[in-house]
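Structure, as structure tokens:
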Amino acid sequence: MRTLGKKTWVIAEGYIPEYGTGKEPEFTSHETACILNTSNQNAEVELTIFFSDKDPVGPYKVTVEAQRTKHLRFNDLKDPEPVPLGTDYACVIESSVPVVVQHTRLDSRQAENAILTTIAYSE
Amino acid sequence: MEIFSNWSGSMTFTPGKICTPESEEQVCELVKKATFEGKKLRVVGAGHSSSPLIRTDDYLLSMKHFRGVEAPDLQHHRAIVPTGMTVKEAGKDLFRYGLAMHNTGDVDVQTLAGAIGTGTHGTGVELPNLSAMLYGVRMVTGTGEIVEFDRSTDEDTMQALQVSMGSCGIFLKMKLQLEPVYQLFRREYCVSFKNCMDHLEDLEKNRNFDFYWYPRTDLCKIRIMNKEKEKMPEIGYGSLELEREGPSHEILPRSRHIKFDEMEYVLPQEKAIDCFLEVRQQVKENFRRDVAWRLLIRTIRKDDALISPMSERESVTISLHHNAGLRFWNYFKAIEPIFLKYEGRPHWGKKHTLKAAQLKEMYTHWNKFQQTRQKFDPEETFLTSYMHELFIA
């Protein structure tokens, strides 16, 4: 398999709803960065979170093993600090090898769940 | 002038002088000097506590040069541990002699003397906190005299000294009641909250059992340890996250690279789950926006130390965590009244807001402890302003 993707990705529209409907954790309102690493090397990935009213926070460090995908819930990040719920944010993702990043949000604030997904911007 | 900062960075102060004595005589001289000058002296361990137990404007004394296990007694399973050693160092050194502690906490970076002096604990319904190991002590009193006590002849005094936060004297050496070395098998599973609650009674039958609850997923992680592999239960309702086996001092603690601040209360066993459910509800409703760290629930056997948080009652602890550097008081202060409603007692070394007036109502033998403290520290050399708030008013 050839190496697909880019080393830098941007999710400009981040927002984790503060509450949800339905059984947890399956229906917890959340956002996910799905990171696919098709290369034959581990991807050392660093995320930086940007806010509308304070300085960026990061890096959040994760490893995506060679030829694996990782579905990273922003809700679960806690080092260096949790991503606040109910708050506008954006995310820059930088990887040591090219990867593909898809962004997904489950908004379960109403019982008729809404899901949004998009390929992030890459450079 | 050197600024002291604790492990999490949330408690800083500037002591007048940091002293690192290398002999018992130097410790005695320092205490006599402080007493003569009317100054306060406190002993710092590894700085892992986040309550200001060691805060002083005067002398801050480190026992870091007092190291190396002595006089291992394989017949009675006892050894002497100097008070400059961390839990990790003591565990490794004792292992060389075929001895082991009955339990340790979730981390092993504290000094063992500090862990004992604050009633720090691990988990297990049959396992008391670390202070229960204290069989005897050699210490310097507030008048600079060296005294020795042990449980065979001085049971009452030992019950006071066992959890005393350095308020009665400076421990030089501790004689510990230990066990022969033993292996532990450890497994950790991710389970649903409902399954965790439904199986609590069975889970608590394991030698060591505790669980995390994660506020943002409502999932739990259960952690089980036993001496015998055949006693390890198969958890069909969870996913296995970790499996290890090895000598107890390597298996009991987990490494922690993320620093945090913590509030922990010790609840009567029979009230703990109701308390936890109320705390969980409060966290879900009001604190998930900012809090992602888990709550940790552990069990501890009662002991007979006068002001041990587990004194005279089978106990369960609930601890809150928040990333070091973030504002934690709003969260901790909102939950603390729930702990108090269920008759919780605070961990001495972690965040809490209580003062003497509330604390003395929690302990049957409070006055007896204070009498012992006053006997050993008549000039109040160890009674800093914070310790005064804690013990007097």
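FYI, nothing fancy with the structure tokens labels: chains A, B, ... in order, residues from 1 per chain, ligands from 1 as they appear.
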
*Just asking: which residues within segment 99-294 of chain B are alpha helix (DSSP H) according to DSSP, as number ranges by chain?*
B: 112-117, 155-161, 193-198, 200-203, 248-251, 269-286

Which residues, written as a PDB file with C-alpha atoms, in the first residue's frame, have at least one atom at most 8 Å from Leu267 of chain B, with only C-alpha atoms counted and residues fewer than 2 positions away on the same chain left out?
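The file below, selection10.pdb, is the result:
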```
ATOM      1  CA  TYR B 265     -12.778  11.726  51.120  1.00  0.00           C
ATOM      2  CA  GLN B 269     -18.381   1.678  53.766  1.00  0.00           C
ATOM      3  CA  LYS B 271     -22.748   4.941  52.818  1.00  0.00           C
ATOM      4  CA  ALA B 272     -20.156   5.120  50.090  1.00  0.00           C
ATOM      5  CA  SER B 315     -14.022   2.572  54.586  1.00  0.00           C
ATOM      6  CA  VAL B 316     -14.417   3.437  50.940  1.00  0.00           C
ATOM      7  CA  THR B 317     -12.649   6.407  49.402  1.00  0.00           C
ATOM      8  CA  ILE B 318     -13.798   8.576  46.538  1.00  0.00           C
ATOM      9  CA  PHE B 339     -18.824  13.973  50.958  1.00  0.00           C
ATOM     10  CA  TYR B 342     -22.259  11.131  53.988  1.00  0.00           C
ATOM     11  CA  GLU B 343     -19.856  11.554  56.937  1.00  0.00           C
ATOM     12  CA  GLY B 344     -16.697  11.656  54.869  1.00  0.00           C
ATOM     13  CA  ARG B 345     -13.335  12.431  56.385  1.00  0.00           C
TER      14      ARG B 345
END
```

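Closest approach to chain A among B:Arg327, B:Arg289, B:Lys341, B:Arg298 is made by B:Arg289 (distances from only C-alpha atoms).
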
*Leu306 of chain B surroundings by only C-alpha atoms, 10 Å radius, close-in-sequence under 4 positions cut, as a list in words*: Asp156, Thr157, Met158, Gln159, Ala160, Leu161, Gln162, Val163, Ser164, Met310, Ser311, Glu312, Tyr363, Thr364, His365, Trp366, Asn367, Lys368, Phe369 and Gln370 of chain B

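Distance check against chain A using only C-alpha atoms: of B:Lys205, B:His321, B:Lys229, B:His352, the minimum falls on B:His321.
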
As a PDB file with C-alpha atoms, in the first residue's frame, please: the residues near Leu4 of chain A (cut-off 12 Å, only C-alpha atoms, same-chain neighbours under 3 positions excluded).
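Result file follows (result16.pdb):
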```pdb
ATOM      1  CA  MET A   1       0.000   0.000   0.000  1.00  0.00           C
ATOM      2  CA  LYS A   7       1.206  15.740   7.079  1.00  0.00           C
ATOM      3  CA  ILE A  35      -6.816   9.305  11.413  1.00  0.00           C
ATOM      4  CA  LEU A  36      -5.774   6.784   8.785  1.00  0.00           C
ATOM      5  CA  ASN A  37      -2.123   5.871   8.410  1.00  0.00           C
ATOM      6  CA  THR A  38      -1.555   3.775   5.303  1.00  0.00           C
ATOM      7  CA  SER A  39       2.228   4.074   5.481  1.00  0.00           C
ATOM      8  CA  ASN A  40       4.581   1.440   6.809  1.00  0.00           C
ATOM      9  CA  ALA A  66       1.610   1.774  10.612  1.00  0.00           C
ATOM     10  CA  GLN A  67      -1.281   0.713   8.386  1.00  0.00           C
ATOM     11  CA  VAL A  97       4.125  10.844   8.051  1.00  0.00           C
ATOM     12  CA  PRO A  98       1.268  11.521   5.638  1.00  0.00           C
ATOM     13  CA  VAL A  99      -2.151  10.524   7.000  1.00  0.00           C
ATOM     14  CA  VAL A 100      -5.786  11.113   6.091  1.00  0.00           C
ATOM     15  CA  VAL A 101      -8.055  12.862   8.602  1.00  0.00           C
ATOM     16  CA  SER A 122      -5.018  19.474   4.339  1.00  0.00           C
TER      17      SER A 122
END
```

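Between chain A and the residues B:Leu127, B:Ile54, B:Leu326, B:Leu296, the shortest atom-to-atom distance, using only C-alpha atoms, involves B:Leu326.
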
*Select all residues from chain A having any atom no more than 6 Å from an atom of chain B (counting only C-alpha atoms, ignoring ligands), output as a PyMOL selection string.*
chain A and resi 25+82+84-85

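Distances from B:Leu53, B:Ala113, B:Ile3, B:Ile338 to Leu390 of chain B were compared using only C-alpha atoms, and the smallest one belongs to B:Leu53.
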
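Going from atom CA of Gln26 of chain B to atom CA of Met139 of chain B covers 12.8 Å.
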
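Proximity of A:Ala43, A:Cys34, A:Gly20, A:Ser29 to Ser96 of chain A, computed with only C-alpha atoms, is greatest for A:Ala43.
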
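Among the candidates B:Val44, B:Leu30, B:Ile251, B:Ala334, the residue lying nearest to Met85 of chain B is B:Val44 (atoms considered: only C-alpha atoms).
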
*Could you tell me, as a ChimeraX atom specification, which residues of segment 80-306 of chain B DSSP assigns to strand (DSSP E or B) when given the backbone?*
/B:80-82,86,99-100,111,124,134-140,146-150,170-177,179-180,183-192,208-213,219-226,239-247,260-268,295-300,303

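For Thr143 of chain B, the residues within 8 Å (counting only C-alpha atoms, excluding itself and residues fewer than 4 positions away along the chain) are B:Val31, B:Lys32, B:Thr35, B:Phe376, B:Asp377, B:Pro378, B:Glu379.
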
Written selection (C-alpha atoms) as a tab-separated table (two decimals), in the first residue's frame:
```
chain	number	residue	atom	x	y	z
B	31	VAL	CA	14.93	21.10	66.27
B	32	LYS	CA	16.57	22.61	69.36
B	35	THR	CA	12.56	25.72	69.38
B	376	PHE	CA	5.88	15.58	72.41
B	377	ASP	CA	5.84	19.14	71.09
B	378	PRO	CA	5.28	21.35	74.14
B	379	GLU	CA	6.78	24.46	72.51
```

*Near Pro80 of chain A, counting only C-alpha atoms, which residues have an atom at most 7 Å away, once you skip same-chain residues fewer than 2 positions from it, shown as a list in words?*
Gly58, Tyr60 and Lys78 of chain A

Please produce a file of those selected residues containing N, CA and C atoms, as a PDB file, in the first residue's frame.
```pdb
ATOM      1  N   GLY A  58      -1.965  22.656  23.722  1.00  0.00           N
ATOM      2  CA  GLY A  58      -1.377  21.486  23.080  1.00  0.00           C
ATOM      3  C   GLY A  58       0.108  21.434  23.348  1.00  0.00           C
ATOM      4  N   TYR A  60      -1.369  17.755  22.036  1.00  0.00           N
ATOM      5  CA  TYR A  60      -1.891  16.452  22.441  1.00  0.00           C
ATOM      6  C   TYR A  60      -1.184  15.437  21.540  1.00  0.00           C
ATOM      7  N   LYS A  78      -7.189  14.441  27.549  1.00  0.00           N
ATOM      8  CA  LYS A  78      -7.027  15.081  28.852  1.00  0.00           C
ATOM      9  C   LYS A  78      -5.601  15.549  29.139  1.00  0.00           C
TER      10      LYS A  78
END
```

*Shell of 6 Å around Ala356 of chain B, only C-alpha atoms, local chain residues under 4 positions omitted, as an MDAnalysis selection string*: chainID B and resid 360 389:393

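Picture a line from atom CA of Asn75 of chain A to atom CA of Tyr331 of chain B; it runs 18.3 Å.
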
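When atom CA of Arg42 of chain B is paired with atom CA of Thr14 of chain B, their separation reads 12.7 Å.
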